[in-house]
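J.: Contents of my_file.txt (compact mmCIF, C-alpha atoms) are given next:
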# COMPACT_ATOMS: atom_id res chain seq x y z
CA MET A 1 -11.36 32.34 3.45
CA ARG A 2 -8.65 34.52 1.94
CA SER A 3 -9.60 36.99 -0.75
CA ALA A 4 -9.37 36.09 -4.44
CA ALA A 5 -6.95 38.97 -4.91
CA ILE A 6 -4.47 37.45 -2.48
CA ILE A 7 -4.84 33.98 -3.95
CA ALA A 8 -4.46 35.32 -7.48
CA ALA A 9 -1.22 37.02 -6.49
CA LEU A 10 0.38 33.81 -5.27
CA PRO A 11 1.90 32.72 -8.59
CA LEU A 12 3.85 36.00 -8.62
CA ALA A 13 5.03 35.58 -5.02
CA LEU A 14 6.07 32.02 -5.68
CA ALA A 15 7.51 32.62 -9.10
CA ALA A 16 9.99 30.02 -10.30
CA PRO A 17 10.59 28.06 -7.08
CA SER A 18 13.53 25.70 -7.13
CA LYS A 19 12.67 22.21 -8.35
CA ARG A 20 12.62 19.11 -6.18
CA ALA A 21 13.51 15.70 -7.50
CA SER A 22 10.32 14.08 -6.17
CA PRO A 23 7.22 15.19 -4.26
CA ALA A 24 7.39 15.47 -0.49
CA PRO A 25 6.07 12.28 1.17
CA LEU A 26 2.37 12.13 2.05
CA ILE A 27 2.27 10.04 5.22
CA ARG A 28 -0.72 8.12 6.51
CA PRO A 29 -0.33 7.16 10.23
CA GLN A 30 -0.20 3.40 10.60
CA ASN A 31 -3.57 1.98 11.69
CA GLY A 32 -4.61 5.51 12.58
CA ASP A 33 -8.11 6.95 12.84
CA ILE A 34 -7.64 9.45 10.01
CA ILE A 35 -9.47 12.79 9.98
CA GLU A 36 -10.43 13.20 6.35
CA GLY A 37 -9.35 16.44 4.71
CA LYS A 38 -7.08 17.48 7.59
CA PHE A 39 -3.30 17.55 7.18
CA ILE A 40 -0.11 18.51 9.02
CA VAL A 41 2.61 20.15 6.92
CA LYS A 42 6.14 19.77 8.29
CA MET A 43 8.57 22.34 6.89
CA LYS A 44 12.29 21.75 6.51
CA SER A 45 14.45 23.12 9.29
CA THR A 46 15.96 25.69 6.91
CA ALA A 47 12.59 27.31 6.19
CA GLY A 48 12.14 30.66 7.91
CA VAL A 49 9.00 32.41 9.11
CA SER A 50 8.31 34.17 5.81
CA VAL A 51 8.58 30.88 3.92
CA LEU A 52 6.20 29.25 6.39
CA GLU A 53 3.66 32.05 5.92
CA THR A 54 3.97 31.82 2.14
CA HIS A 55 3.14 28.13 2.25
CA LYS A 56 0.18 28.73 4.56
CA ASN A 57 -1.15 31.16 1.97
CA MET A 58 -1.25 28.35 -0.60
CA VAL A 59 -4.20 26.88 1.33
CA SER A 60 -7.63 28.52 1.09
CA ALA A 61 -8.69 27.49 4.62
CA LYS A 62 -7.33 29.25 7.67
CA ALA A 63 -4.64 27.22 9.43
CA ASP A 64 -5.87 25.38 12.52
CA PHE A 65 -2.42 25.60 14.10
CA THR A 66 0.93 27.16 13.23
CA TYR A 67 4.11 25.58 14.63
CA ASN A 68 7.31 27.55 14.86
CA SER A 69 9.40 26.66 17.91
CA HIS A 70 13.02 25.60 18.14
CA ARG A 71 13.44 22.95 15.39
CA PHE A 72 9.81 22.23 14.48
CA SER A 73 8.15 24.41 11.87
CA GLY A 74 4.91 23.85 9.98
CA PHE A 75 1.13 24.15 10.16
CA ALA A 76 -2.09 22.14 10.23
CA ALA A 77 -5.14 22.89 8.10
CA SER A 78 -8.00 21.55 6.04
CA MET A 79 -6.82 21.05 2.47
CA THR A 80 -8.09 19.93 -0.89
CA ALA A 81 -6.29 17.23 -2.86
CA ASP A 82 -4.98 19.89 -5.25
CA GLU A 83 -3.57 21.97 -2.38
CA VAL A 84 -1.85 18.94 -0.90
CA GLU A 85 -0.30 18.11 -4.27
CA ALA A 86 0.88 21.70 -4.76
CA LEU A 87 2.54 21.73 -1.34
CA GLN A 88 4.18 18.36 -1.99
CA ASN A 89 5.98 19.95 -4.90
CA MET A 90 7.38 22.84 -2.87
CA PRO A 91 11.10 22.45 -2.07
CA ASP A 92 10.80 23.68 1.54
CA VAL A 93 8.23 21.06 2.58
CA GLU A 94 9.74 18.06 4.41
CA TYR A 95 6.57 15.96 4.45
CA ILE A 96 2.78 16.15 4.80
CA GLU A 97 0.89 13.87 7.16
CA HIS A 98 -2.81 13.08 7.47
CA ASP A 99 -4.13 14.34 10.80
CA ALA A 100 -5.46 11.60 13.09
CA VAL A 101 -7.21 11.03 16.40
CA VAL A 102 -5.23 10.62 19.63
CA LYS A 103 -6.69 9.49 22.96
CA ALA A 104 -5.99 9.21 26.66
CA SER A 105 -6.43 5.66 27.87
CA ALA A 106 -7.24 4.41 31.36
CA THR A 107 -9.51 1.86 33.03
CA GLN A 108 -11.06 1.94 36.49
CA ASN A 109 -10.07 -0.52 39.19
CA GLY A 110 -9.56 -0.26 42.94
CA ALA A 111 -6.38 0.04 45.09
CA ASP A 112 -3.69 2.48 46.22
CA TRP A 113 -0.05 1.34 46.32
CA GLY A 114 2.11 2.87 43.56
CA LEU A 115 3.69 5.82 45.32
CA ALA A 116 5.23 3.71 48.11
CA ARG A 117 6.84 1.41 45.52
CA LEU A 118 9.20 4.22 44.50
CA SER A 119 11.05 4.21 47.82
CA ASN A 120 10.80 0.48 48.56
CA THR A 121 12.08 -2.63 46.81
CA SER A 122 8.76 -4.51 47.01
CA PRO A 123 5.13 -3.50 46.50
CA LYS A 124 4.08 -4.61 50.00
CA ASN A 125 5.10 -1.43 51.81
CA THR A 126 2.87 1.56 52.50
CA THR A 127 5.46 4.23 53.36
CA TYR A 128 6.82 6.72 50.83
CA THR A 129 10.17 8.18 51.88
CA TYR A 130 11.50 11.24 50.03
CA ASP A 131 13.80 14.22 50.28
CA GLU A 132 11.98 17.37 51.41
CA SER A 133 13.20 19.31 48.36
CA ALA A 134 10.38 17.42 46.58
CA GLY A 135 10.86 18.97 43.14
CA GLU A 136 10.81 22.58 44.30
CA GLY A 137 11.99 24.93 41.54
CA VAL A 138 10.90 22.52 38.78
CA CYS A 139 8.03 23.13 36.33
CA ALA A 140 5.94 20.17 35.14
CA TYR A 141 3.82 20.50 32.00
CA ILE A 142 0.92 18.04 31.77
CA VAL A 143 -0.11 17.73 28.10
CA ASP A 144 -3.49 16.07 28.56
CA THR A 145 -7.17 16.93 29.27
CA GLY A 146 -6.28 19.95 31.40
CA ILE A 147 -6.07 20.27 35.19
CA ASP A 148 -8.74 21.06 37.78
CA THR A 149 -6.55 23.74 39.33
CA THR A 150 -9.01 24.29 42.21
CA HIS A 151 -8.33 20.86 43.72
CA PRO A 152 -7.03 21.42 47.27
CA GLU A 153 -4.36 18.74 46.76
CA PHE A 154 -2.50 21.13 44.42
CA GLU A 155 -2.10 23.78 47.14
CA GLY A 156 -2.24 26.62 44.61
CA ARG A 157 0.71 25.23 42.59
CA ALA A 158 -1.39 24.30 39.51
CA THR A 159 -1.97 26.65 36.57
CA PHE A 160 -4.17 26.16 33.50
CA ALA A 161 -1.67 27.24 30.84
CA THR A 162 -3.30 26.82 27.42
CA ASN A 163 -5.98 24.98 25.46
CA THR A 164 -5.68 23.60 21.93
CA ALA A 165 -8.64 21.19 22.27
CA ASP A 166 -11.82 23.25 22.73
CA ASP A 167 -13.27 26.39 24.31
CA HIS A 168 -13.52 25.08 27.89
CA ASP A 169 -10.48 26.05 29.93
CA THR A 170 -10.74 23.36 32.57
CA ASP A 171 -10.45 19.58 32.86
CA GLU A 172 -13.86 18.11 31.98
CA ASN A 173 -12.58 14.52 31.82
CA GLY A 174 -10.46 13.96 34.94
CA HIS A 175 -7.54 12.18 33.27
CA GLY A 176 -5.23 15.20 33.29
CA THR A 177 -6.07 16.01 36.90
CA HIS A 178 -5.25 12.41 37.88
CA VAL A 179 -1.92 12.58 36.02
CA ALA A 180 -1.05 15.94 37.60
CA GLY A 181 -1.85 14.50 41.02
CA THR A 182 0.60 11.65 40.56
CA ILE A 183 3.31 14.07 39.51
CA GLY A 184 2.88 16.68 42.20
CA SER A 185 -0.16 16.62 44.52
CA LYS A 186 0.26 16.93 48.29
CA THR A 187 -0.81 13.36 49.14
CA TYR A 188 -0.45 11.34 45.93
CA GLY A 189 2.42 13.16 44.21
CA VAL A 190 5.99 12.02 43.69
CA ALA A 191 7.36 15.61 43.67
CA LYS A 192 5.17 17.42 46.18
CA LYS A 193 6.53 20.95 45.63
CA VAL A 194 6.68 21.05 41.83
CA SER A 195 4.81 23.75 39.86
CA LEU A 196 2.14 22.20 37.61
CA TYR A 197 1.02 23.59 34.23
CA GLY A 198 -1.96 22.16 32.37
CA VAL A 199 -1.78 22.06 28.58
CA LYS A 200 -5.19 20.90 27.36
CA VAL A 201 -5.01 18.98 24.08
CA LEU A 202 -7.80 16.42 24.69
CA ASP A 203 -11.50 17.14 25.19
CA ALA A 204 -14.08 15.96 27.72
CA SER A 205 -14.18 12.51 26.10
CA GLY A 206 -10.39 12.15 26.38
CA SER A 207 -9.99 12.46 22.62
CA GLY A 208 -8.14 14.91 20.40
CA THR A 209 -6.11 15.24 17.22
CA ASN A 210 -2.45 14.88 16.39
CA SER A 211 -2.42 18.50 15.22
CA ALA A 212 -3.74 19.74 18.59
CA VAL A 213 -1.22 17.62 20.50
CA ILE A 214 1.60 19.03 18.36
CA ALA A 215 0.31 22.55 19.07
CA GLY A 216 0.41 21.76 22.79
CA MET A 217 4.02 20.58 22.57
CA ASP A 218 4.92 23.62 20.49
CA TYR A 219 3.45 25.81 23.24
CA VAL A 220 5.60 24.15 25.91
CA VAL A 221 8.80 24.94 23.98
CA THR A 222 7.94 28.64 23.74
CA ASP A 223 6.32 29.01 27.18
CA ALA A 224 8.77 27.20 29.46
CA PRO A 225 11.58 29.79 29.17
CA LYS A 226 9.12 32.46 30.40
CA ARG A 227 8.33 30.61 33.63
CA ALA A 228 10.26 30.54 36.88
CA CYS A 229 11.79 27.06 36.57
CA PRO A 230 15.32 27.40 37.96
CA LYS A 231 15.76 23.65 38.43
CA GLY A 232 14.41 22.63 35.01
CA VAL A 233 11.31 21.44 33.15
CA VAL A 234 9.60 18.07 32.84
CA VAL A 235 6.80 17.31 30.39
CA ASN A 236 4.33 14.43 30.60
CA LEU A 237 2.29 12.96 27.76
CA SER A 238 -0.05 10.26 29.02
CA LEU A 239 -1.63 9.88 25.60
CA GLY A 240 -0.94 8.27 22.28
CA GLY A 241 -2.11 7.15 18.91
CA SER A 242 -0.81 5.21 15.96
CA TYR A 243 2.72 5.87 14.70
CA SER A 244 3.06 9.47 13.50
CA SER A 245 6.23 11.06 12.13
CA ALA A 246 4.85 14.52 12.89
CA VAL A 247 4.02 13.75 16.52
CA ASN A 248 7.43 12.13 17.04
CA SER A 249 9.21 15.11 15.48
CA ALA A 250 7.31 17.52 17.73
CA ALA A 251 8.21 15.45 20.79
CA ALA A 252 11.86 15.40 19.75
CA ASN A 253 11.68 19.18 19.40
CA VAL A 254 10.58 19.51 23.04
CA VAL A 255 13.50 17.36 24.19
CA SER A 256 16.09 19.08 22.02
CA ALA A 257 14.99 22.41 23.51
CA GLY A 258 16.32 21.17 26.87
CA ASN A 259 13.24 19.63 28.49
CA PHE A 260 12.69 16.14 29.92
CA MET A 261 9.69 14.30 28.49
CA ALA A 262 8.01 11.20 29.96
CA VAL A 263 5.57 9.39 27.66
CA ALA A 264 3.13 6.52 28.20
CA ALA A 265 4.17 3.40 26.27
CA GLY A 266 0.54 2.63 25.39
CA ASN A 267 -2.13 0.17 26.52
CA GLU A 268 -2.41 -2.19 23.55
CA ALA A 269 -0.09 -4.95 24.84
CA MET A 270 2.02 -4.58 21.70
CA ASP A 271 5.39 -3.19 20.71
CA ALA A 272 5.64 0.51 21.58
CA ALA A 273 7.26 1.04 18.18
CA ASN A 274 3.71 1.13 16.76
CA SER A 275 2.61 4.10 18.89
CA SER A 276 3.41 7.81 18.98
CA PRO A 277 4.93 9.61 20.75
CA ALA A 278 6.08 6.45 22.59
CA SER A 279 8.19 5.41 19.59
CA GLU A 280 10.26 8.62 19.56
CA PRO A 281 13.74 7.53 20.74
CA SER A 282 14.61 10.80 22.51
CA VAL A 283 11.68 10.71 24.97
CA CYS A 284 11.53 8.58 28.13
CA THR A 285 8.98 5.88 27.29
CA VAL A 286 7.28 4.26 30.28
CA GLY A 287 5.70 0.82 30.66
CA ALA A 288 3.41 -0.16 33.54
CA THR A 289 3.59 -2.65 36.42
CA ASP A 290 1.03 -3.91 38.93
CA LYS A 291 1.10 -4.46 42.68
CA THR A 292 2.43 -8.02 42.29
CA ASP A 293 5.55 -6.66 40.54
CA THR A 294 4.34 -8.03 37.20
CA LEU A 295 4.23 -6.15 33.91
CA SER A 296 0.66 -4.87 33.58
CA TYR A 297 -1.32 -7.03 31.17
CA PHE A 298 -2.17 -4.02 28.99
CA SER A 299 1.30 -2.43 28.87
CA ASN A 300 3.11 -1.97 25.59
CA PHE A 301 6.64 -3.32 25.53
CA GLY A 302 9.77 -3.55 23.35
CA ASP A 303 13.23 -2.06 23.20
CA LEU A 304 11.87 1.49 22.98
CA VAL A 305 10.52 1.23 26.54
CA ASP A 306 13.11 2.96 28.74
CA ILE A 307 11.73 2.29 32.21
CA LEU A 308 8.81 0.75 34.14
CA ALA A 309 6.64 2.36 36.84
CA PRO A 310 3.46 1.54 38.75
CA GLY A 311 0.42 1.80 36.45
CA THR A 312 -2.30 -0.57 37.68
CA ASP A 313 -4.79 0.58 40.33
CA ILE A 314 -3.29 4.02 40.96
CA LYS A 315 -5.12 6.42 43.26
CA SER A 316 -4.82 10.12 42.56
CA THR A 317 -6.72 13.39 42.31
CA TRP A 318 -9.97 13.70 40.34
CA LEU A 319 -12.48 16.38 39.46
CA ASP A 320 -14.33 18.48 42.06
CA GLY A 321 -11.93 17.70 44.90
CA HIS A 322 -12.37 13.94 44.61
CA THR A 323 -9.93 11.05 44.11
CA LYS A 324 -10.16 8.04 41.84
CA VAL A 325 -8.35 4.76 41.18
CA ILE A 326 -7.58 4.02 37.51
CA SER A 327 -5.06 2.03 35.49
CA GLY A 328 -2.95 2.49 32.38
CA THR A 329 0.50 3.40 31.17
CA SER A 330 -1.07 6.86 31.47
CA MET A 331 -0.68 6.34 35.22
CA ALA A 332 2.87 4.96 34.96
CA SER A 333 4.26 7.88 32.95
CA PRO A 334 3.52 10.59 35.56
CA HIS A 335 5.41 8.56 38.17
CA VAL A 336 8.44 9.00 35.90
CA ALA A 337 7.72 12.67 35.21
CA GLY A 338 7.40 13.10 38.97
CA ILE A 339 10.61 11.30 39.80
CA GLY A 340 12.29 13.31 37.02
CA ALA A 341 11.16 16.51 38.75
CA TYR A 342 12.31 15.08 42.08
CA PHE A 343 15.81 14.35 40.75
CA LEU A 344 16.03 17.74 39.01
CA GLY A 345 15.15 19.37 42.31
CA LEU A 346 18.07 17.54 43.90
CA GLY A 347 20.41 18.59 41.08
CA ALA A 348 21.13 14.94 40.38
CA ALA A 349 21.15 15.21 36.56
CA SER A 350 20.44 17.59 33.69
CA PRO A 351 17.16 17.24 31.74
CA GLU A 352 19.11 15.85 28.79
CA GLU A 353 20.63 13.08 30.94
CA LEU A 354 17.61 12.47 33.14
CA CYS A 355 16.10 9.38 31.50
CA GLU A 356 19.44 7.56 31.67
CA TYR A 357 19.89 8.70 35.27
CA ILE A 358 16.43 7.43 36.25
CA ALA A 359 17.26 4.07 34.66
CA SER A 360 20.59 3.96 36.50
CA GLN A 361 18.79 4.37 39.84
CA ALA A 362 16.10 1.79 39.05
CA GLN A 363 15.67 -1.65 40.58
CA THR A 364 16.26 -4.53 38.16
CA GLY A 365 15.31 -8.18 38.36
CA ALA A 366 12.10 -7.65 40.34
CA ILE A 367 9.44 -7.41 37.63
CA THR A 368 8.07 -10.61 36.09
CA GLY A 369 6.16 -11.18 32.87
CA VAL A 370 8.47 -8.93 30.87
CA PRO A 371 8.98 -10.01 27.23
CA SER A 372 12.49 -10.56 25.92
CA GLY A 373 14.07 -7.31 24.77
CA THR A 374 12.06 -5.16 27.21
CA THR A 375 13.61 -3.59 30.29
CA ASP A 376 12.62 -4.95 33.70
CA ALA A 377 13.88 -1.85 35.55
CA ILE A 378 11.34 -0.18 37.85
CA ILE A 379 11.93 3.36 39.09
CA GLN A 380 13.34 4.11 42.53
CA ASN A 381 13.95 7.49 44.19
CA GLY A 382 17.09 6.45 46.05
CA GLN A 383 15.44 6.22 49.47
CA SER A 384 14.86 2.44 49.64
What does the file become when written as structure tokens?
T.:
Amino acid sequence: MRSAAIIAALPLALAAPSKRASPAPLIRPQNGDIIEGKFIVKMKSTAGVSVLETHKNMVSAKADFTYNSHRFSGFAASMTADEVEALQNMPDVEYIEHDAVVKASATQNGADWGLARLSNTSPKNTTYTYDESAGEGVCAYIVDTGIDTTHPEFEGRATFATNTADDHDTDENGHGTHVAGTIGSKTYGVAKKVSLYGVKVLDASGSGTNSAVIAGMDYVVTDAPKRACPKGVVVNLSLGGSYSSAVNSAAANVVSAGNFMAVAAGNEAMDAANSSPASEPSVCTVGATDKTDTLSYFSNFGDLVDILAPGTDIKSTWLDGHTKVISGTSMASPHVAGIGAYFLGLGAASPEELCEYIASQAQTGAITGVPSGTTDAIIQNGQS
């Protein structure tokens, strides 16, 4: 709690701010699991660091997260109704959004086939053919439940980078380790030489908050330039929640900073426009297919889905050196992050052009059960 002296001085520091025609919008995520009393404040792009700090000082509680990378500036905190109203009337506030729960989503089943589909035109093959460059020189950020970096399948290429979820700097769920394995493990990975960085934003139950996910994305923007990533950066988000302007803006910030982002379309069998960050147009949104070349029954769909990838019954790395077979668009997205790293390693496209390039290399006309207006293109690595 800040001292009364500091709070009492605020009217002087904020004397006579410029007027705004109407209060900043207070957004409630559609169909979201709202966290009462928690809010995300998005500042306008013209607001500098001192303005951001001044607005944080209008709230009595300490900020949970501060965002200030590239084009996304703001903070998340517990606030009273009066504090929210006061911030809504400040001219440098773009909008305020209720914080909400976000989750990883996967279900257990039992087969291993997805990797081979990337270098073959049918799901009946068992051979994965790839260029030996295998994503070397590319960094992959897995924004998820963390990574079990001790798994021998990662060959020392996995790093636990940061944690915005809790105080346990490891993967206690398994979801993030599975995703990382699909991107870049020795046996199950698409890009077998990529460097893997775990950004933990979800806890042991696979659950987290929009504010923590935004903090994870904000970290990627500031951390990636410090790493040795001469061939580029890919980012994977195998998570989602209801539509959120703040989450979408943070995802767009990652992309506009020059990084490729693959995102799970969601597992609700509905239009991806209802989910975030899947509904952000600048990310590469991924739907899922099964081993009969049919759209997975759970996969979200719609014109915001950029590409399809294997997502049903995917075998990959798990906790304590184990493997596991699970399903979800969470499993489809890392195939695309992995193939993105693979193509970056080959110098085939820039991160900004990568989603379009992946789509241009994809196989069309093979996937059935795809609703009208949804792509039927499934990823290929050019070795079929």
J.: Could you tell me which of A:Val234, A:Ile142, A:Ala134, A:Cys229 comes closest to A:Gly340 if we count only C-alpha atoms?
T.: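 Checking each of A:Val234, A:Ile142, A:Ala134, A:Cys229 against A:Gly340, counting only C-alpha atoms, the winner is A:Val234.
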J.: Using all atoms listed in the file, which of A:Thr374, A:Ser316, A:Ser245, A:Ser207 sits nearest A:Asp271?
T.: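 Using all atoms listed in the file, the shortest distance to A:Asp271 belongs to A:Thr374.
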J.: Can you pull out the residues contacting A:Glu97? Cut-off 12 Å, using all atoms listed in the file, and skip same-chain residues under 2 positions away; I want them as a PyMOL selection string.
T.: chain A and resi 24-30+32+34-43+74-79+84+87-88+93-95+99-100+210-211+243-249
J.: From the options A:His55, A:Lys186, A:Lys291, A:His175, which residue's atoms come nearest to A:Pro152, counting all atoms listed in the file?
T.: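 Counting all atoms listed in the file, the residue closest to A:Pro152 is A:Lys186.
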J.: Extract, using all atoms listed in the file, all DNA, RNA and protein residues at most 12 Å from stretch 351-359 of chain A, discarding same-chain residues fewer than 6 positions from it, and format them as a PyMOL selection string.
T.: chain A and resi 118+138-139+231-235+252+254-263+281-286+305-309+335-345+375-382
J.: With 4 Å added on each side, what axis-aligned box encloses every listed atom of stretch 134-152 of chain A? Give the centre and edge lengths in Å to one decimal, as lines of an AutoDock Vina configuration file.
T.:
center_x = 1.5
center_y = 20.5
center_z = 37.7
size_x = 29.0
size_y = 16.9
size_z = 27.2
J.: In Å, rounded to a single decimal, give me how far atom CA of A:Tyr141 is from atom CA of A:Lys193.
T.: 13.9 Å
J.: Just how far from atom CA of A:Ile147 is atom CA of A:Thr159, in Å to one decimal?
T.: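 The value is 7.7 Å.
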